>>> print(open('structure.cif').read())   # mmCIF, C-alpha atoms
data_run
#
loop_
_atom_site.label_atom_id
_atom_site.label_comp_id
_atom_site.auth_asym_id
_atom_site.auth_seq_id
_atom_site.Cartn_x
_atom_site.Cartn_y
_atom_site.Cartn_z
CA MET A 5 -91.74 -85.16 -13.09
CA GLU A 6 -91.21 -88.70 -11.79
CA ASN A 7 -92.21 -89.36 -8.17
CA LYS A 8 -89.28 -89.89 -5.87
CA LEU A 9 -88.88 -91.36 -2.37
CA SER A 10 -85.60 -91.22 -0.49
CA ILE A 11 -85.16 -92.98 2.85
CA ILE A 12 -82.36 -92.49 5.33
CA SER A 13 -82.02 -95.93 6.88
CA PHE A 14 -80.33 -95.28 10.23
CA SER A 15 -81.63 -98.13 12.38
CA GLY A 16 -80.27 -101.65 12.19
CA ASP A 17 -83.38 -103.04 13.87
CA PHE A 18 -85.30 -105.85 12.23
CA ASP A 19 -88.67 -104.10 12.46
CA LYS A 20 -87.44 -100.72 11.26
CA LEU A 21 -85.55 -102.29 8.36
CA THR A 22 -88.77 -104.12 7.47
CA ALA A 23 -90.47 -100.71 7.31
CA VAL A 24 -87.65 -99.30 5.14
CA PHE A 25 -87.83 -102.13 2.63
CA THR A 26 -91.64 -102.33 2.62
CA LEU A 27 -91.91 -98.63 1.77
CA ALA A 28 -89.07 -98.84 -0.73
CA THR A 29 -90.47 -101.81 -2.64
CA GLY A 30 -94.04 -100.51 -2.52
CA ALA A 31 -92.97 -97.17 -3.95
CA ALA A 32 -90.66 -98.72 -6.56
CA ALA A 33 -93.44 -101.08 -7.70
CA VAL A 34 -95.69 -98.12 -8.54
CA GLY A 35 -92.97 -96.35 -10.49
CA TYR A 36 -91.24 -94.17 -7.92
CA GLU A 37 -87.53 -93.54 -8.10
CA VAL A 38 -86.38 -94.89 -4.71
CA ASN A 39 -83.12 -94.01 -3.03
CA LEU A 40 -81.99 -95.73 0.17
CA PHE A 41 -79.18 -94.07 2.09
CA PHE A 42 -77.82 -96.46 4.72
CA THR A 43 -75.97 -94.93 7.62
CA PHE A 44 -74.64 -96.09 10.98
CA TRP A 45 -76.55 -99.20 12.22
CA GLY A 46 -78.50 -99.21 8.97
CA LEU A 47 -75.34 -100.29 7.15
CA ASP A 48 -75.82 -103.76 8.67
CA ALA A 49 -78.70 -104.31 6.24
CA ILE A 50 -76.51 -104.10 3.16
CA LYS A 51 -73.53 -106.10 4.38
CA ARG A 52 -72.50 -108.83 1.96
CA LYS A 53 -72.27 -111.29 4.87
CA GLN A 54 -75.76 -111.34 6.40
CA GLY A 55 -74.83 -113.22 9.56
CA ARG A 56 -72.12 -112.32 12.08
CA SER A 57 -68.62 -111.78 10.74
CA PHE A 58 -65.54 -109.86 11.71
CA VAL A 59 -65.74 -107.05 9.14
CA GLY A 60 -63.84 -103.85 9.81
CA GLY A 61 -60.36 -102.44 9.48
CA THR A 62 -59.04 -102.63 13.07
CA PRO A 63 -59.45 -105.16 15.91
CA LEU A 64 -61.97 -102.83 17.60
CA THR A 65 -64.09 -102.22 14.50
CA ARG A 66 -63.92 -105.92 13.62
CA LEU A 67 -65.32 -106.70 17.06
CA PHE A 68 -68.07 -104.12 16.52
CA GLY A 69 -68.72 -105.65 13.10
CA PHE A 70 -69.15 -109.06 14.67
CA PHE A 71 -71.59 -107.95 17.34
CA MET A 72 -73.59 -105.78 14.91
CA GLY A 73 -73.79 -108.54 12.29
CA GLY A 74 -75.73 -108.32 9.05
CA LEU A 75 -79.42 -108.39 8.10
CA LYS A 76 -79.95 -111.92 9.42
CA ALA A 77 -78.54 -110.86 12.82
CA ALA A 78 -80.71 -107.73 13.16
CA PRO A 79 -82.44 -107.51 16.56
CA VAL A 80 -86.02 -106.36 17.10
CA SER A 81 -86.20 -102.83 18.56
CA ARG A 82 -88.51 -103.91 21.42
CA LEU A 83 -89.03 -107.24 23.19
CA ASN A 84 -86.01 -108.81 21.53
CA PHE A 85 -85.93 -111.58 24.17
CA LEU A 86 -82.16 -112.07 24.02
CA GLY A 87 -82.24 -112.47 20.27
CA ALA A 88 -85.15 -114.91 20.03
CA SER A 89 -87.67 -112.43 18.61
CA PRO A 90 -86.37 -112.09 15.02
CA SER A 91 -86.81 -115.85 14.46
CA ILE A 92 -90.30 -115.66 15.93
CA PHE A 93 -91.15 -112.72 13.67
CA ARG A 94 -89.78 -114.47 10.57
CA SER A 95 -91.91 -117.50 11.42
CA LEU A 96 -95.00 -115.32 11.89
CA MET A 97 -94.29 -113.52 8.62
CA ARG A 98 -94.01 -116.76 6.66
CA ARG A 99 -97.14 -118.16 8.27
CA ASN A 100 -99.07 -115.03 7.31
CA ASN A 101 -97.58 -114.78 3.82
CA VAL A 102 -95.78 -111.54 4.63
CA ALA A 103 -92.34 -110.91 3.16
CA THR A 104 -89.32 -111.11 5.47
CA PRO A 105 -86.63 -108.39 5.35
CA GLU A 106 -84.43 -110.70 3.24
CA GLU A 107 -87.24 -111.23 0.71
CA LEU A 108 -87.95 -107.50 0.67
CA LEU A 109 -84.27 -106.78 0.06
CA ASP A 110 -84.30 -109.15 -2.92
CA ALA A 111 -87.47 -107.48 -4.21
CA ALA A 112 -85.86 -104.05 -3.83
CA LYS A 113 -82.92 -105.23 -5.94
CA SER A 114 -85.28 -106.62 -8.61
CA LEU A 115 -87.23 -103.36 -8.74
CA GLY A 116 -84.15 -101.22 -9.29
CA VAL A 117 -84.11 -99.44 -5.93
CA ASN A 118 -80.94 -97.38 -5.57
CA PHE A 119 -78.70 -98.29 -2.63
CA TYR A 120 -76.20 -95.83 -1.19
CA ALA A 121 -73.85 -96.12 1.79
CA CYS A 122 -72.84 -93.28 4.11
CA GLU A 123 -69.18 -92.43 3.77
CA MET A 124 -68.80 -91.03 7.29
CA ALA A 125 -70.39 -93.99 9.09
CA MET A 126 -68.32 -96.42 7.00
CA HIS A 127 -65.21 -94.54 8.07
CA ILE A 128 -66.14 -94.83 11.77
CA LEU A 129 -66.98 -98.52 11.51
CA GLY A 130 -63.99 -99.40 9.34
CA LEU A 131 -66.18 -100.68 6.50
CA THR A 132 -65.38 -100.50 2.80
CA LYS A 133 -67.64 -100.72 -0.26
CA GLU A 134 -66.43 -104.31 -0.73
CA ASP A 135 -68.08 -105.24 2.59
CA PHE A 136 -71.48 -104.47 1.03
CA ILE A 137 -73.72 -106.14 -1.53
CA PRO A 138 -72.75 -105.27 -5.11
CA GLU A 139 -76.04 -103.41 -5.64
CA VAL A 140 -74.68 -100.52 -3.53
CA LYS A 141 -74.28 -97.93 -6.27
CA ASP A 142 -72.11 -95.45 -4.47
CA VAL A 143 -70.66 -94.19 -1.21
CA LEU A 144 -72.03 -90.74 -0.43
CA GLY A 145 -71.80 -87.85 2.00
CA VAL A 146 -74.73 -85.72 3.13
CA ALA A 147 -74.42 -83.13 0.36
CA SER A 148 -74.51 -85.76 -2.39
CA PHE A 149 -77.47 -87.53 -0.79
CA LEU A 150 -79.41 -84.26 -0.50
CA ARG A 151 -78.78 -83.60 -4.18
CA ILE A 152 -80.15 -87.06 -5.06
CA ALA A 153 -83.17 -86.65 -2.74
CA ASP A 154 -83.94 -83.13 -3.94
CA GLY A 155 -87.48 -82.66 -5.22
CA GLY A 156 -88.91 -85.83 -3.68
CA GLN A 157 -90.12 -87.09 -0.31
CA THR A 158 -87.52 -88.00 2.31
CA LEU A 159 -87.99 -90.21 5.38
CA PHE A 160 -85.68 -91.03 8.29
CA ILE A 161 -86.11 -94.49 9.80
CA MET B 4 -96.13 -106.65 -0.96
CA THR B 5 -98.73 -108.39 -3.12
CA PHE B 6 -98.38 -105.79 -5.84
CA VAL B 7 -94.60 -105.81 -5.42
CA LYS B 8 -94.55 -109.54 -6.19
CA THR B 9 -96.98 -109.02 -9.08
CA LYS B 10 -94.85 -106.22 -10.51
CA ILE B 11 -91.68 -108.32 -10.35
CA GLU B 12 -93.40 -111.21 -12.14
CA LEU B 13 -94.81 -108.85 -14.78
CA SER B 14 -91.36 -107.42 -15.40
CA ARG B 15 -90.18 -110.91 -16.41
CA LEU B 16 -92.92 -111.30 -19.06
CA ASN B 17 -93.04 -110.15 -22.65
CA VAL B 18 -95.59 -107.60 -23.83
CA GLY B 19 -98.85 -109.42 -24.51
CA ASP B 20 -98.16 -112.21 -21.99
CA ARG B 21 -100.69 -112.89 -19.26
CA LEU B 22 -100.09 -113.33 -15.56
CA GLU B 23 -102.49 -115.19 -13.31
CA VAL B 24 -102.52 -113.97 -9.70
CA LEU B 25 -104.47 -115.48 -6.82
CA LEU B 26 -105.61 -112.79 -4.39
CA SER B 27 -107.50 -112.75 -1.12
CA GLU B 28 -110.55 -110.53 -1.05
CA GLY B 29 -110.18 -107.22 0.73
CA GLU B 30 -107.13 -105.02 0.32
CA PRO B 31 -105.12 -107.25 -2.09
CA LEU B 32 -108.10 -107.71 -4.40
CA GLU B 33 -108.82 -103.98 -4.40
CA ASN B 34 -105.22 -102.87 -4.70
CA VAL B 35 -103.61 -105.16 -7.26
CA PRO B 36 -106.09 -104.75 -10.14
CA ARG B 37 -106.38 -100.99 -9.55
CA THR B 38 -102.63 -100.42 -9.35
CA SER B 39 -101.99 -102.72 -12.32
CA ALA B 40 -104.40 -100.66 -14.43
CA GLU B 41 -102.79 -97.43 -13.22
CA GLN B 42 -99.42 -98.82 -14.25
CA GLY B 43 -100.66 -99.44 -17.78
CA TYR B 44 -101.41 -103.17 -17.61
CA HIS B 45 -104.69 -104.66 -18.79
CA VAL B 46 -106.76 -106.46 -16.18
CA ALA B 47 -108.35 -109.11 -18.40
CA ALA B 48 -110.45 -110.97 -15.83
CA ILE B 49 -111.32 -111.29 -12.16
CA GLU B 50 -112.90 -114.62 -11.28
CA PRO B 51 -113.85 -116.14 -7.92
CA ALA B 52 -111.75 -119.20 -7.10
CA GLY B 53 -113.50 -120.14 -3.84
CA ASP B 54 -112.77 -119.59 -0.15
CA GLY B 55 -112.49 -115.82 -0.55
CA ILE B 56 -109.75 -116.20 -3.18
CA TYR B 57 -109.97 -114.57 -6.60
CA LYS B 58 -108.06 -115.31 -9.78
CA VAL B 59 -106.96 -112.11 -11.48
CA ILE B 60 -105.54 -112.24 -15.01
CA ILE B 61 -103.28 -109.34 -15.93
CA GLN B 62 -101.96 -108.80 -19.42
CA LYS B 63 -98.68 -106.98 -19.94
#
>>> encode(input="structure.cif", output="structure tokens")
Amino acid sequence: MENKLSIISFSGDFDKLTAVFTLATGAAAVGYEVNLFFTFWGLDAIKRKQGRSFVGGTPLTRLFGFFMGGLKAAPVSRLNFLGASPSIFRSLMRRNNVATPEELLDAAKSLGVNFYACEMAMHILGLTKEDFIPEVKDVLGVASFLRIADGGQTLFI
Amino acid sequence: MTFVKTKIELSRLNVGDRLEVLLSEGEPLENVPRTSAEQGYHVAAIEPAGDGIYKVIIQK
């Protein structure tokens, strides 16, 4: 049976998303089936607009959408220094020839990683499938995700 | 990530084509040839390129 890794990507933090995409691409590169289930803050990583934009269905959710932003607006989980840290980290990554989250996301697409979005979190945040990158295969609930993850390893980040 | 980049480049090649990868000694040099072989690719050569860098030729 093919190896399988499924990751529940809950955090929208720069560092934790880096971990998600590093594990996902590393596993996909050695032949694993990889499933990424983005929920709550994690949905920021797969937004079509990677900066800050007013996505959402109501004025309140649009405001949330703006402050949450996309992958390029992701804060670092510790020592964020009022938003300066992600730029510092990206600079350090480039200097040390380490892939940034954006490069890892592109690699994940190239390697055929499966992207899924959480239906419930999308509902709360007023997001639709059109707000996400086209590689998002489907919008799922817990039961469907568990069926996809069944028989493999599952991580929560 | 080194093998991830290697794998993506290999996926763009035709069977029989060769890929030249420059790797630092240590983990990348141990990992990429080993994983490439495990994935069914042929590691044709590993040659020192100076300054702790090695040229690895992988055939698809």
>>> residues_around(input="structure.cif", residues="Asp110 (chain A)", least_positions_apart="4", cutoff="12 Å", atoms="all atoms listed in the file", output="list in words")
Phe25, Thr26, Ala28, Thr29, Ala49, Ile50, Ala103, Thr104, Pro105, Glu106, Ser114, Leu115, Gly116, Val117, Ile137 and Glu139 of chain A; Val7, Lys8 and Ile11 of chain B
>>> resolve_selection(input="structure.cif", expression="the PyMOL selection byres ((chain B) within 12 of (chain A))", output="PyMOL selection string")
chain B and resi 4-15+26-27+34-35+37-44
>>> atom_distance(input="structure.cif", atom1="CA of Tyr36 (chain A)", atom2="CA of Ser13 (chain A)")
17.5 Å
>>> closest_residue(input="structure.cif", among="A:Leu131, A:Lys20, A:Tyr120, A:Phe44", to="Phe58 (chain A)", atoms="all atoms listed in the file")
A:Leu131
>>> residues_near_point(input="structure.cif", point="(-74.8, -111.4, 2.0)", cutoff="10 Å", atoms="all atoms listed in the file", output="list of chain:residue names")
A:Ala49, A:Ile50, A:Lys51, A:Arg52, A:Lys53, A:Gln54, A:Gly55, A:Gly74, A:Leu75, A:Lys76, A:Glu106, A:Asp135, A:Phe136, A:Ile137, A:Pro138
>>> residues_around(input="structure.cif", residues="Pro51 (chain B)", least_positions_apart="3", cutoff="10 Å", atoms="all atoms listed in the file", output="PyMOL selection string")
chain B and resi 25-28+54-59
>>> atom_distance(input="structure.cif", atom1="CA of Glu23 (chain B)", atom2="CA of Ile60 (chain B)")
4.6 Å
>>> atom_distance(input="structure.cif", atom1="CA of Gly19 (chain B)", atom2="CA of Lys63 (chain B)")
5.2 Å
>>> resolve_selection(input="structure.cif", expression="the PyMOL selection byres ((chain A and resi 10) around 9)", output="list in words")
Lys8, Leu9, Ile11, Ile12, Ala28, Glu37, Val38, Asn39, Leu40, Phe41, Phe149, Ile152, Ala153, Asp154, Gly156, Gln157, Thr158, Leu159 and Phe160 of chain A
>>> residues_around(input="structure.cif", residues="region 62-70 of chain A", least_positions_apart="4", cutoff="7 Å", atoms="all atoms listed in the file", output="PyMOL selection string")
chain A and resi 56-58+129-130
>>> write_last_selection(input="structure.cif", atoms="C-alpha atoms", output="tab-separated table (two decimals), in the frame of the given file")
chain	number	residue	atom	x	y	z
A	56	ARG	CA	-72.12	-112.32	12.08
A	57	SER	CA	-68.62	-111.78	10.74
A	58	PHE	CA	-65.54	-109.86	11.71
A	129	LEU	CA	-66.98	-98.52	11.51
A	130	GLY	CA	-63.99	-99.40	9.34
>>> axis_aligned_box(input="structure.cif", around="region 82-91 of chain A", padding_each_side="5 Å", output="lines of an AutoDock Vina configuration file")
center_x = -85.6
center_y = -109.9
center_z = 19.3
size_x = 16.9
size_y = 21.9
size_z = 19.7
>>> residues_around(input="structure.cif", residues="His45 (chain B)", least_positions_apart="2", cutoff="6 Å", atoms="all atoms listed in the file", output="VMD selection string")
chain B and resid 40 47 61 to 62
>>> residues_around(input="structure.cif", residues="Gly46 (chain A)", least_positions_apart="3", cutoff="6 Å", atoms="all atoms listed in the file", output="ChimeraX atom specification")
/A:13-16,42-43,49
>>> decode(input="structure.cif", residues="region 14-39 of chain B", atoms="N, CA and C atoms", output="short mmCIF file (atom, residue, chain, number, x, y, z; two decimals), in the first residue's frame")
data_model
loop_
_atom_site.label_atom_id
_atom_site.label_comp_id
_atom_site.auth_asym_id
_atom_site.auth_seq_id
_atom_site.Cartn_x
_atom_site.Cartn_y
_atom_site.Cartn_z
N SER B 14 11.26 15.35 -12.64
CA SER B 14 9.92 15.10 -13.21
C SER B 14 9.76 15.79 -14.57
N ARG B 15 10.58 16.80 -14.83
CA ARG B 15 10.47 17.55 -16.09
C ARG B 15 11.31 16.91 -17.21
N LEU B 16 12.11 15.89 -16.85
CA LEU B 16 13.00 15.27 -17.84
C LEU B 16 12.36 14.03 -18.46
N ASN B 17 12.91 13.63 -19.58
CA ASN B 17 12.48 12.38 -20.21
C ASN B 17 13.32 11.24 -19.66
N VAL B 18 12.78 10.03 -19.76
CA VAL B 18 13.52 8.85 -19.30
C VAL B 18 14.83 8.76 -20.09
N GLY B 19 15.91 8.57 -19.37
CA GLY B 19 17.23 8.50 -20.00
C GLY B 19 18.01 9.80 -19.89
N ASP B 20 17.30 10.92 -19.65
CA ASP B 20 17.98 12.20 -19.49
C ASP B 20 18.78 12.23 -18.18
N ARG B 21 19.78 13.10 -18.16
CA ARG B 21 20.62 13.20 -16.96
C ARG B 21 20.47 14.58 -16.31
N LEU B 22 20.49 14.58 -15.01
CA LEU B 22 20.39 15.82 -14.25
C LEU B 22 21.67 15.99 -13.44
N GLU B 23 22.23 17.19 -13.51
CA GLU B 23 23.44 17.48 -12.74
C GLU B 23 23.04 18.33 -11.54
N VAL B 24 23.38 17.86 -10.35
CA VAL B 24 23.00 18.58 -9.12
C VAL B 24 24.26 18.89 -8.33
N LEU B 25 24.38 20.14 -7.88
CA LEU B 25 25.51 20.50 -7.02
C LEU B 25 25.05 20.44 -5.57
N LEU B 26 25.76 19.66 -4.77
CA LEU B 26 25.34 19.44 -3.39
C LEU B 26 26.47 19.73 -2.42
N SER B 27 26.11 20.31 -1.27
CA SER B 27 27.09 20.48 -0.20
C SER B 27 27.30 19.12 0.45
N GLU B 28 28.52 18.93 0.99
CA GLU B 28 28.76 17.68 1.70
C GLU B 28 27.95 17.69 3.00
N GLY B 29 27.79 16.51 3.57
CA GLY B 29 26.94 16.40 4.76
C GLY B 29 25.58 15.86 4.36
N GLU B 30 24.56 16.35 5.00
CA GLU B 30 23.21 15.79 4.80
C GLU B 30 22.76 15.79 3.34
N PRO B 31 22.88 16.91 2.60
CA PRO B 31 22.40 16.87 1.20
C PRO B 31 23.11 15.81 0.37
N LEU B 32 24.42 15.70 0.56
CA LEU B 32 25.19 14.74 -0.24
C LEU B 32 24.86 13.29 0.14
N GLU B 33 24.50 13.08 1.40
CA GLU B 33 24.10 11.73 1.81
C GLU B 33 22.68 11.43 1.34
N ASN B 34 21.82 12.41 1.49
CA ASN B 34 20.38 12.19 1.26
C ASN B 34 19.99 12.08 -0.20
N VAL B 35 20.46 13.02 -1.02
CA VAL B 35 19.95 13.08 -2.40
C VAL B 35 20.32 11.84 -3.22
N PRO B 36 21.58 11.40 -3.23
CA PRO B 36 21.88 10.19 -4.00
C PRO B 36 21.13 8.96 -3.46
N ARG B 37 21.08 8.82 -2.13
CA ARG B 37 20.41 7.66 -1.54
C ARG B 37 18.92 7.65 -1.91
N THR B 38 18.26 8.81 -1.71
CA THR B 38 16.82 8.86 -1.98
C THR B 38 16.54 8.70 -3.48
N SER B 39 17.43 9.28 -4.31
CA SER B 39 17.24 9.13 -5.77
C SER B 39 17.28 7.66 -6.15
#
